[in-house]
>>> print(open('start_19.cif').read())   # mmCIF, C-alpha atoms and all ligand atoms
data_entry
loop_
_atom_site.label_atom_id
_atom_site.label_comp_id
_atom_site.auth_asym_id
_atom_site.auth_seq_id
_atom_site.Cartn_x
_atom_site.Cartn_y
_atom_site.Cartn_z
CA MET G 11 8.98 -22.84 40.08
CA GLY G 12 5.40 -21.84 41.04
CA ASP G 13 2.21 -23.00 39.40
CA PRO G 14 -0.37 -20.31 38.41
CA LEU G 15 0.17 -21.45 34.81
CA LYS G 16 0.38 -25.15 35.68
CA GLY G 17 -0.98 -27.35 32.88
CA LYS G 18 -0.58 -24.57 30.33
CA SER G 19 1.86 -24.67 27.49
CA ALA G 20 3.54 -21.78 25.74
CA ILE G 21 5.64 -20.90 22.73
CA VAL G 22 8.08 -18.01 22.92
CA THR G 23 9.85 -17.04 19.69
CA GLY G 24 13.24 -15.33 19.88
CA ALA G 25 13.50 -16.86 23.37
CA GLY G 26 17.23 -17.57 23.24
CA ARG G 27 18.23 -14.05 24.25
CA GLY G 28 17.08 -10.71 25.62
CA ILE G 29 13.40 -10.05 26.26
CA GLY G 30 12.21 -13.38 24.78
CA ARG G 31 14.53 -15.30 27.11
CA ALA G 32 13.22 -13.37 30.14
CA ILE G 33 9.62 -14.14 29.11
CA ALA G 34 10.32 -17.86 28.58
CA MET G 35 11.95 -18.04 32.02
CA ALA G 36 9.05 -16.17 33.66
CA LEU G 37 6.38 -18.37 32.02
CA ALA G 38 8.24 -21.51 33.15
CA GLN G 39 8.64 -19.98 36.62
CA GLU G 40 4.82 -19.73 36.82
CA GLY G 41 4.40 -23.37 35.83
CA ALA G 42 3.95 -23.31 32.03
CA SER G 43 5.71 -25.81 29.76
CA VAL G 44 7.61 -23.80 27.18
CA VAL G 45 8.77 -24.29 23.60
CA VAL G 46 11.87 -22.11 23.40
CA ASN G 47 12.21 -21.01 19.79
CA ASP G 48 15.32 -19.22 18.55
CA PHE G 49 17.02 -19.18 15.17
CA GLY G 50 20.22 -18.18 16.99
CA VAL G 51 21.18 -15.41 14.60
CA LYS G 52 23.29 -12.26 14.90
CA VAL G 53 21.47 -8.90 15.29
CA ASP G 54 21.33 -8.57 11.49
CA GLY G 55 19.69 -12.00 11.10
CA SER G 56 22.75 -13.87 9.80
CA GLU G 57 24.56 -17.04 10.97
CA PRO G 58 21.86 -19.25 12.53
CA ALA G 59 22.87 -21.42 15.52
CA SER G 60 21.16 -23.77 17.96
CA GLY G 61 23.11 -22.66 21.07
CA PRO G 62 20.85 -19.86 22.40
CA ALA G 63 17.65 -21.99 22.40
CA ASP G 64 19.50 -24.95 23.97
CA GLU G 65 20.96 -22.81 26.74
CA VAL G 66 17.56 -21.43 27.80
CA VAL G 67 16.01 -24.92 27.76
CA GLN G 68 18.82 -26.15 30.04
CA GLU G 69 18.31 -23.16 32.36
CA ILE G 70 14.56 -23.81 32.67
CA LYS G 71 15.11 -27.53 33.26
CA SER G 72 17.78 -26.87 35.88
CA LEU G 73 15.18 -24.84 37.81
CA GLY G 74 12.71 -27.74 37.64
CA GLY G 75 10.65 -26.47 34.69
CA LYS G 76 9.60 -28.12 31.43
CA ALA G 77 10.95 -26.88 28.09
CA VAL G 78 11.90 -28.05 24.61
CA ALA G 79 14.00 -26.24 22.03
CA SER G 80 13.01 -25.22 18.51
CA TYR G 81 15.62 -23.74 16.19
CA GLY G 82 13.35 -22.67 13.32
CA ASP G 83 13.14 -19.39 11.44
CA VAL G 84 9.85 -17.64 12.31
CA ALA G 85 9.69 -16.19 8.80
CA SER G 86 9.65 -19.67 7.23
CA TRP G 87 6.10 -20.96 6.69
CA GLN G 88 7.28 -24.56 7.19
CA ASP G 89 9.39 -23.84 10.29
CA SER G 90 6.54 -21.92 11.91
CA GLU G 91 4.13 -24.80 11.25
CA ASN G 92 6.67 -27.21 12.77
CA LEU G 93 6.96 -24.92 15.80
CA ILE G 94 3.26 -25.25 16.64
CA LYS G 95 3.44 -28.98 15.99
CA ALA G 96 6.37 -29.25 18.43
CA CYS G 97 4.25 -27.61 21.14
CA VAL G 98 1.18 -29.79 20.58
CA ASP G 99 3.24 -33.00 20.19
CA ASN G 100 5.23 -32.36 23.39
CA PHE G 101 2.65 -30.71 25.63
CA GLY G 102 -0.75 -31.61 24.14
CA ARG G 103 -2.03 -28.08 23.47
CA LEU G 104 -1.00 -24.45 23.03
CA ASP G 105 -2.26 -21.85 25.49
CA ILE G 106 0.13 -18.92 25.25
CA LEU G 107 2.09 -17.61 22.28
CA ALA G 108 4.62 -14.81 22.71
CA ASN G 109 6.10 -13.54 19.42
CA MET G 110 9.41 -11.89 20.34
CA ALA G 111 11.89 -12.75 17.54
CA GLY G 112 13.48 -9.79 15.81
CA ILE G 113 16.46 -8.38 13.91
CA LEU G 114 17.76 -4.98 12.80
CA ARG G 115 19.18 -3.65 9.51
CA ASP G 116 19.40 0.08 10.26
CA ARG G 117 19.84 2.63 7.49
CA MET G 118 18.41 6.00 6.45
CA ILE G 119 15.70 5.77 3.76
CA PHE G 120 17.97 7.20 1.05
CA ASN G 121 20.65 4.55 1.72
CA MET G 122 18.50 1.50 2.51
CA THR G 123 18.82 -1.45 0.16
CA GLU G 124 15.98 -3.69 -0.98
CA ASP G 125 17.55 -6.56 0.95
CA GLU G 126 17.68 -4.52 4.20
CA TRP G 127 14.01 -3.61 3.79
CA ASP G 128 12.93 -7.17 2.95
CA ALA G 129 14.96 -8.86 5.72
CA VAL G 130 13.42 -6.78 8.52
CA ILE G 131 9.86 -6.91 7.19
CA ARG G 132 10.26 -10.65 6.68
CA VAL G 133 11.37 -11.53 10.22
CA HIS G 134 9.14 -9.12 12.16
CA LEU G 135 5.96 -8.85 10.12
CA LYS G 136 5.85 -12.10 8.18
CA GLY G 137 7.36 -13.94 11.17
CA THR G 138 4.58 -12.65 13.44
CA PHE G 139 1.97 -13.53 10.82
CA ASN G 140 3.35 -17.07 10.34
CA CYS G 141 3.66 -17.78 14.05
CA THR G 142 0.15 -16.44 14.71
CA ARG G 143 -1.56 -18.00 11.70
CA HIS G 144 -0.83 -21.65 12.54
CA PRO G 145 -1.62 -21.36 16.30
CA CYS G 146 -4.96 -19.73 15.46
CA VAL G 147 -6.08 -23.02 13.91
CA VAL G 148 -5.29 -24.86 17.15
CA MET G 149 -6.61 -22.12 19.44
CA ARG G 150 -9.86 -21.88 17.46
CA GLN G 151 -10.38 -25.62 17.93
CA GLN G 152 -9.48 -25.34 21.64
CA ARG G 153 -11.74 -22.25 21.91
CA GLY G 154 -9.10 -20.42 23.89
CA GLY G 155 -5.62 -18.98 23.82
CA ARG G 156 -3.49 -15.93 24.46
CA ILE G 157 -1.30 -14.26 21.85
CA ILE G 158 1.17 -11.53 22.77
CA ASN G 159 3.01 -9.84 19.90
CA THR G 160 5.93 -7.43 20.09
CA THR G 161 5.79 -4.00 18.60
CA SER G 162 7.99 -1.10 19.73
CA PRO G 163 7.65 2.57 20.66
CA ALA G 164 9.03 2.89 17.10
CA TRP G 165 5.63 1.88 15.65
CA ILE G 166 4.45 5.49 16.00
CA VAL G 167 7.50 7.16 14.49
CA THR G 168 11.14 6.27 14.09
CA THR G 169 14.18 7.34 12.11
CA GLY G 170 17.19 5.48 10.78
CA HIS G 171 15.26 2.21 10.55
CA ILE G 172 11.95 2.81 8.84
CA ASN G 173 11.95 -0.87 7.80
CA TYR G 174 11.70 -1.71 11.53
CA GLY G 175 9.13 1.01 12.30
CA ALA G 176 6.96 -0.07 9.36
CA ALA G 177 7.11 -3.72 10.46
CA LYS G 178 6.26 -2.79 14.05
CA SER G 179 3.35 -0.63 12.88
CA GLY G 180 2.14 -3.55 10.77
CA ILE G 181 2.31 -5.78 13.85
CA VAL G 182 -0.07 -3.42 15.68
CA SER G 183 -2.53 -3.63 12.81
CA LEU G 184 -2.17 -7.42 12.66
CA THR G 185 -2.72 -7.64 16.44
CA LYS G 186 -5.91 -5.57 16.38
CA GLY G 187 -7.29 -7.53 13.44
CA VAL G 188 -6.50 -10.95 14.95
CA ALA G 189 -8.14 -9.76 18.19
CA ARG G 190 -11.37 -9.09 16.29
CA GLU G 191 -11.25 -12.32 14.28
CA MET G 192 -10.35 -14.64 17.18
CA GLY G 193 -12.14 -13.04 20.16
CA ARG G 194 -15.30 -15.02 19.51
CA TYR G 195 -13.30 -18.24 20.01
CA GLY G 196 -12.02 -17.14 23.43
CA VAL G 197 -8.64 -16.11 22.02
CA THR G 198 -7.08 -12.74 22.87
CA CYS G 199 -4.33 -10.99 20.92
CA ASN G 200 -2.45 -8.03 22.38
CA ALA G 201 0.94 -6.42 21.83
CA ILE G 202 3.68 -4.97 23.97
CA ALA G 203 5.96 -2.06 23.09
CA PRO G 204 9.01 -2.70 25.27
CA ALA G 205 12.39 -1.13 25.82
CA ALA G 206 15.28 -2.91 27.54
CA ALA G 207 19.03 -3.26 27.54
CA THR G 208 19.66 -6.19 25.20
CA ARG G 209 22.21 -6.74 22.47
CA MET G 210 19.69 -5.14 20.08
CA THR G 211 19.92 -1.80 21.90
CA MET G 212 23.39 -2.06 23.50
CA ASP G 213 25.20 -3.21 20.34
CA PRO G 214 27.96 -0.58 19.71
CA ALA G 215 26.92 -0.17 16.05
CA VAL G 216 23.30 0.49 17.06
CA ALA G 217 24.40 2.97 19.76
CA ALA G 218 26.67 4.78 17.25
CA ALA G 219 23.82 5.04 14.73
CA LEU G 220 21.50 6.47 17.43
CA GLN G 221 24.15 9.00 18.39
CA LEU G 222 24.61 10.06 14.75
CA ARG G 223 20.85 10.50 14.29
CA ALA G 224 20.73 12.65 17.44
CA GLU G 225 23.59 14.81 16.14
CA ARG G 226 21.82 15.24 12.80
CA GLY G 227 18.60 16.20 14.59
CA VAL G 228 16.57 13.31 13.19
CA ALA G 229 16.31 11.12 16.31
CA ARG G 230 13.02 10.58 18.13
CA GLU G 231 12.84 12.89 21.16
CA ASP G 232 12.71 9.94 23.58
CA THR G 233 15.80 8.21 22.18
CA ALA G 234 18.07 11.21 21.57
CA GLY G 235 20.89 12.15 23.92
CA ASN G 236 23.13 10.55 26.49
CA SER G 237 20.53 10.53 29.25
CA ALA G 238 18.14 8.42 27.12
CA ALA G 239 20.96 5.98 26.30
CA ALA G 240 22.02 5.81 29.97
CA ALA G 241 18.42 5.17 31.08
CA LEU G 242 18.02 2.37 28.53
CA ALA G 243 21.26 0.74 29.69
CA GLN G 244 19.67 0.30 33.15
CA MET G 245 16.55 -1.43 31.88
CA ASP G 246 16.47 -5.12 32.68
CA PRO G 247 14.72 -7.28 30.02
CA GLY G 248 13.21 -9.15 32.99
CA ALA G 249 11.09 -6.05 33.74
CA VAL G 250 9.12 -6.66 30.51
CA ALA G 251 8.17 -10.25 31.42
CA PRO G 252 5.46 -9.75 34.10
CA ILE G 253 2.98 -7.93 31.83
CA VAL G 254 3.43 -10.66 29.20
CA VAL G 255 2.79 -13.37 31.79
CA TYR G 256 -0.29 -11.46 32.97
CA LEU G 257 -1.64 -11.06 29.43
CA GLY G 258 -1.05 -14.80 29.00
CA SER G 259 -3.05 -15.72 32.10
CA ASP G 260 -6.77 -16.45 32.61
CA GLN G 261 -7.12 -13.09 34.41
CA ALA G 262 -6.58 -11.20 31.12
CA ALA G 263 -9.54 -12.84 29.32
CA ASN G 264 -11.21 -9.52 28.49
CA ILE G 265 -8.13 -7.60 27.36
CA ASN G 266 -8.09 -7.91 23.59
CA GLY G 267 -6.59 -5.84 20.78
CA GLU G 268 -4.57 -3.49 23.01
CA VAL G 269 -0.98 -2.26 22.99
CA PHE G 270 0.88 -1.93 26.29
CA GLY G 271 4.12 -0.01 26.79
CA ALA G 272 6.63 -1.85 29.02
CA VAL G 273 9.68 0.27 29.72
CA GLY G 274 11.53 -0.50 32.95
CA GLY G 275 9.02 -0.20 35.79
CA ARG G 276 6.65 1.91 33.68
CA LEU G 277 3.66 0.11 32.16
CA SER G 278 1.29 2.06 29.92
CA LEU G 279 -1.70 1.64 27.60
CA TYR G 280 -1.60 3.15 24.10
CA SER G 281 -4.64 4.92 22.68
CA HIS G 282 -6.34 3.86 19.45
CA PRO G 283 -5.70 6.43 16.68
CA VAL G 284 -8.85 8.29 15.61
CA GLU G 285 -9.71 10.89 12.98
CA MET G 286 -9.45 14.10 14.99
CA ARG G 287 -10.55 16.83 12.56
CA MET G 288 -12.85 16.76 9.58
CA ILE G 289 -14.12 19.00 6.81
CA TYR G 290 -16.95 17.87 4.60
CA LYS G 291 -18.30 18.75 1.17
CA ASP G 292 -21.55 17.34 -0.13
CA PRO G 293 -20.69 15.03 -3.09
CA GLN G 294 -23.68 16.63 -4.92
CA GLU G 295 -21.59 19.83 -5.05
CA GLY G 296 -18.59 18.09 -6.67
CA VAL G 297 -15.12 17.33 -5.28
CA TRP G 298 -12.98 19.83 -3.34
CA THR G 299 -11.32 22.43 -5.52
CA LEU G 300 -7.72 23.47 -4.92
CA ASP G 301 -8.90 27.04 -4.22
CA GLU G 302 -11.21 25.76 -1.47
CA LEU G 303 -8.45 23.64 0.09
CA GLU G 304 -5.93 26.50 0.01
CA THR G 305 -8.32 28.51 2.16
CA LEU G 306 -9.85 25.82 4.32
CA VAL G 307 -6.97 23.42 5.14
CA PRO G 308 -4.74 25.95 7.01
CA ALA G 309 -7.76 27.10 9.02
CA SER G 310 -9.07 23.63 9.85
CA LEU G 311 -7.23 20.31 9.26
CA ALA G 312 -3.71 21.81 9.38
CA SER G 313 -4.38 24.53 11.96
CA GLY G 314 -1.54 24.62 14.50
CA LEU G 315 0.45 21.78 12.88
CA ALA G 316 4.26 22.10 12.90
CA ASN G 317 6.71 20.36 10.58
CA PRO G 318 8.69 17.99 12.88
CA ALA G 319 11.65 18.10 10.47
CA PRO G 320 11.85 21.57 8.91
CA PRO G 321 14.35 22.16 6.05
CA GLN G 322 17.95 22.78 7.13
CA PRO G 323 20.89 24.33 5.26
CA PRO G 324 23.21 21.65 3.79
CA SER G 325 25.81 20.50 6.34
CA GLU G 326 29.46 21.22 5.44
CA LYS G 327 31.34 18.12 4.23
CA LYS G 328 34.46 17.41 6.32
N1 LIG G 401 15.37 -4.19 23.37
C1 LIG G 401 14.54 -3.18 23.19
O1 LIG G 401 14.71 -2.06 23.74
C2 LIG G 401 13.36 -3.34 22.28
C3 LIG G 401 12.56 -2.22 22.03
C4 LIG G 401 11.43 -2.35 21.24
C5 LIG G 401 11.10 -3.59 20.71
N2 LIG G 401 11.91 -4.67 20.97
C6 LIG G 401 11.53 -5.93 20.36
O2 LIG G 401 11.61 -6.96 21.33
C7 LIG G 401 11.89 -8.21 20.69
C8 LIG G 401 13.08 -8.86 21.35
O3 LIG G 401 14.22 -8.03 21.16
P1 LIG G 401 15.55 -8.10 22.07
O4 LIG G 401 15.91 -6.71 22.38
O5 LIG G 401 15.36 -9.10 23.16
O6 LIG G 401 16.59 -8.62 20.97
P2 LIG G 401 17.70 -9.79 21.01
O7 LIG G 401 18.52 -9.59 19.80
O8 LIG G 401 18.37 -9.83 22.34
O9 LIG G 401 16.82 -11.12 20.86
C9 LIG G 401 16.13 -11.43 19.68
C10 LIG G 401 16.21 -12.92 19.47
O10 LIG G 401 15.43 -13.22 18.27
C11 LIG G 401 16.11 -14.27 17.58
N3 LIG G 401 15.71 -14.25 16.17
C12 LIG G 401 16.05 -13.34 15.22
N4 LIG G 401 15.52 -13.69 14.03
C13 LIG G 401 14.83 -14.85 14.22
C14 LIG G 401 14.06 -15.68 13.36
N5 LIG G 401 13.93 -15.39 12.06
N6 LIG G 401 13.46 -16.76 13.91
C15 LIG G 401 13.59 -17.04 15.22
N7 LIG G 401 14.35 -16.31 16.07
C16 LIG G 401 14.95 -15.21 15.58
C17 LIG G 401 17.58 -13.93 17.76
O11 LIG G 401 18.42 -15.06 17.53
C18 LIG G 401 17.62 -13.42 19.20
O12 LIG G 401 17.99 -14.45 20.10
C19 LIG G 401 12.12 -7.87 19.21
O13 LIG G 401 10.93 -8.10 18.49
C20 LIG G 401 12.44 -6.38 19.25
O14 LIG G 401 12.15 -5.76 18.01
C21 LIG G 401 13.03 -4.56 21.72
#
>>> encode(input="start_19.cif", output="structure tokens", more="lines below")
Ligand SMILES: NC(=O)c1ccc[n+]([C@@H]2O[C@H](COP(=O)([O-])OP(=O)(O)OC[C@H]3O[C@@H](n4cnc5c(N)ncnc54)[C@H](O)[C@@H]3O)[C@@H](O)[C@H]2O)c1
Amino acid sequence: MGDPLKGKSAIVTGAGRGIGRAIAMALAQEGASVVVNDFGVKVDGSEPASGPADEVVQEIKSLGGKAVASYGDVASWQDSENLIKACVDNFGRLDILANMAGILRDRMIFNMTEDEWDAVIRVHLKGTFNCTRHPCVVMRQQRGGRIINTTSPAWIVTTGHINYGAAKSGIVSLTKGVAREMGRYGVTCNAIAPAAATRMTMDPAVAAALQLRAERGVAREDTAGNSAAAALAQMDPGAVAPIVVYLGSDQAANINGEVFGAVGGRLSLYSHPVEMRMIYKDPQEGVWTLDELETLVPASLASGLANPAPPQPPSEKK
């Protein structure tokens, strides 16, 4: 274990598996003391267990690092408060928070149940809020801290799991807002949009659903087809960790409110959405009429736009 993060303490949620585990290991490798949080659930969020968090703590300790386990549910207000308390009680402060916990309940919009919507929004969006809200009290008092949230390339557009895409989009908004509220206290808040081969992406049910969406022509361009699936299968979750460690370090003090792509060896910076076209009518002249819009919109706001999902003839039932 090295020591660039020596004396710092970190919380990583969802650290029992996949990308969260890789980040917890990397932070410990650089000298941070780590609270390894994991509810130990299946991909759909069911059947909590303590094993995954315990295993990662043992792994860190066996390499000479410092870690304690936390088995709480990030979406529980009480558990998330206890999580921060565990960090401060064990290590005296909280310097780095990496929110990685996540689940899936994939379904097309017309089949999705209320429970499937609520479960995904609850873990990703409320979980990120909970686990950011309590640390912000501590970090504000400390006048410093680093928060790294997890969105996904799906925050821009996704199909077959709009509950997930909506939560990940919400996480971007939350991240940018927290960055503005907490920057004055020396706290930064950024997000990563990763991709890696974990059980979340390699699970046979998830792969089958992706395949079906590709066949139906509703998959995102970058996830459709065998070559995209084969490329994802090669992506080590460990490749996501370095940018998170960097954003957690003192060197990243002026990076605040940004979203970074982390896909294999490719790191990227997302742009901030802006209004790109505008038409204007003086309010003194009344509101737009439908006649005006029928003429103006195709020639201005909607000029050159293409429907990404044009109507198709009904598919034959087998
Ligand atoms: N793997 C990818 O390609 C990919 C792509 C985009 C975004 N992400 C995001 O990265 C993060 C990590 O995903 P992963 O691929 O490593 O998945 P994973 O399933 O391997 O790990 C997620 C971990 O989160 C834990 N968890 C789930 N619900 C929890 C809760 N309520 N409280 C605490 N822990 C909980 C699980 O037990 C699991 O160990 C997720 O937020 C995911 O949405 C992953």
>>> atom_distance(input="start_19.cif", atom1="atom CA of G:Ala20", atom2="atom CA of G:Arg194")
21.0 Å
>>> residues_near_ligand(input="start_19.cif", ligand="ligand LIG 401 (chain G)", cutoff="7 Å", atoms="all atoms listed in the file", output="PyMOL selection string")
chain G and resi 23-30+47-53+55+62+82-85+110-113+133-134+137+160-163+203-211
>>> closest_residue(input="start_19.cif", among="G:Ala240, G:Leu300, G:Met286, G:Met192", to="G:Ala312", atoms="only C-alpha atoms")
G:Met286
>>> closest_residue(input="start_19.cif", among="G:Val273, G:Ala34, G:Ile21, G:Ala42", to="G:Cys97", atoms="all atoms listed in the file")
G:Ile21
>>> closest_residue(input="start_19.cif", among="G:Thr123, G:Thr299, G:Gln244, G:Ser259", to="G:Gly274", atoms="all atoms listed in the file")
G:Gln244
>>> atom_distance(input="start_19.cif", atom1="atom CA of G:Trp298", atom2="atom CA of G:Val284")
22.6 Å
>>> atom_distance(input="start_19.cif", atom1="atom CA of G:Val147", atom2="atom CA of G:Lys71")
29.0 Å
>>> residues_near_point(input="start_19.cif", point="(5.8, 4.3, 14.7)", cutoff="8 Å", atoms="only C-alpha atoms", output="number ranges by chain")
G: 162-168, 175-176, 178-179
>>> residues_around(input="start_19.cif", residues="G:Cys146", least_positions_apart="4", cutoff="12 Å", atoms="all atoms listed in the file", output="list in words")
Glu91, Ile94, Arg103, Leu104, Asp105, Ile106, Leu107, Phe139, Asn140, Cys141, Thr142, Arg150, Gln151, Gln152, Arg153, Gly154, Gly155, Arg156, Ile157, Val188, Ala189, Glu191, Met192, Gly193, Tyr195, Gly196, Val197, Thr198 and Cys199 of chain G
>>> write_last_selection(input="start_19.cif", atoms="C-alpha atoms", output="PDB file, in the frame of the given file")
ATOM      1  CA  GLU G  91       4.130 -24.800  11.250  1.00  0.00           C
ATOM      2  CA  ILE G  94       3.260 -25.250  16.640  1.00  0.00           C
ATOM      3  CA  ARG G 103      -2.030 -28.080  23.470  1.00  0.00           C
ATOM      4  CA  LEU G 104      -1.000 -24.450  23.030  1.00  0.00           C
ATOM      5  CA  ASP G 105      -2.260 -21.850  25.490  1.00  0.00           C
ATOM      6  CA  ILE G 106       0.130 -18.920  25.250  1.00  0.00           C
ATOM      7  CA  LEU G 107       2.090 -17.610  22.280  1.00  0.00           C
ATOM      8  CA  PHE G 139       1.970 -13.530  10.820  1.00  0.00           C
ATOM      9  CA  ASN G 140       3.350 -17.070  10.340  1.00  0.00           C
ATOM     10  CA  CYS G 141       3.660 -17.780  14.050  1.00  0.00           C
ATOM     11  CA  THR G 142       0.150 -16.440  14.710  1.00  0.00           C
ATOM     12  CA  ARG G 150      -9.860 -21.880  17.460  1.00  0.00           C
ATOM     13  CA  GLN G 151     -10.380 -25.620  17.930  1.00  0.00           C
ATOM     14  CA  GLN G 152      -9.480 -25.340  21.640  1.00  0.00           C
ATOM     15  CA  ARG G 153     -11.740 -22.250  21.910  1.00  0.00           C
ATOM     16  CA  GLY G 154      -9.100 -20.420  23.890  1.00  0.00           C
ATOM     17  CA  GLY G 155      -5.620 -18.980  23.820  1.00  0.00           C
ATOM     18  CA  ARG G 156      -3.490 -15.930  24.460  1.00  0.00           C
ATOM     19  CA  ILE G 157      -1.300 -14.260  21.850  1.00  0.00           C
ATOM     20  CA  VAL G 188      -6.500 -10.950  14.950  1.00  0.00           C
ATOM     21  CA  ALA G 189      -8.140  -9.760  18.190  1.00  0.00           C
ATOM     22  CA  GLU G 191     -11.250 -12.320  14.280  1.00  0.00           C
ATOM     23  CA  MET G 192     -10.350 -14.640  17.180  1.00  0.00           C
ATOM     24  CA  GLY G 193     -12.140 -13.040  20.160  1.00  0.00           C
ATOM     25  CA  TYR G 195     -13.300 -18.240  20.010  1.00  0.00           C
ATOM     26  CA  GLY G 196     -12.020 -17.140  23.430  1.00  0.00           C
ATOM     27  CA  VAL G 197      -8.640 -16.110  22.020  1.00  0.00           C
ATOM     28  CA  THR G 198      -7.080 -12.740  22.870  1.00  0.00           C
ATOM     29  CA  CYS G 199      -4.330 -10.990  20.920  1.00  0.00           C
TER      30      CYS G 199
END
>>> closest_residue(input="start_19.cif", among="G:Ala238, G:Gly227, G:Ala77, G:Asn100", to="G:Pro318", atoms="all atoms listed in the file")
G:Gly227
>>> closest_residue(input="start_19.cif", among="G:Gly187, G:Arg223, G:Ala32, G:Asn200", to="G:Ala262", atoms="all atoms listed in the file")
G:Asn200
>>> closest_residue(input="start_19.cif", among="G:Ala219, G:Val22, G:Val130, G:Gly314", to="G:Ala79", atoms="all atoms listed in the file")
G:Val22
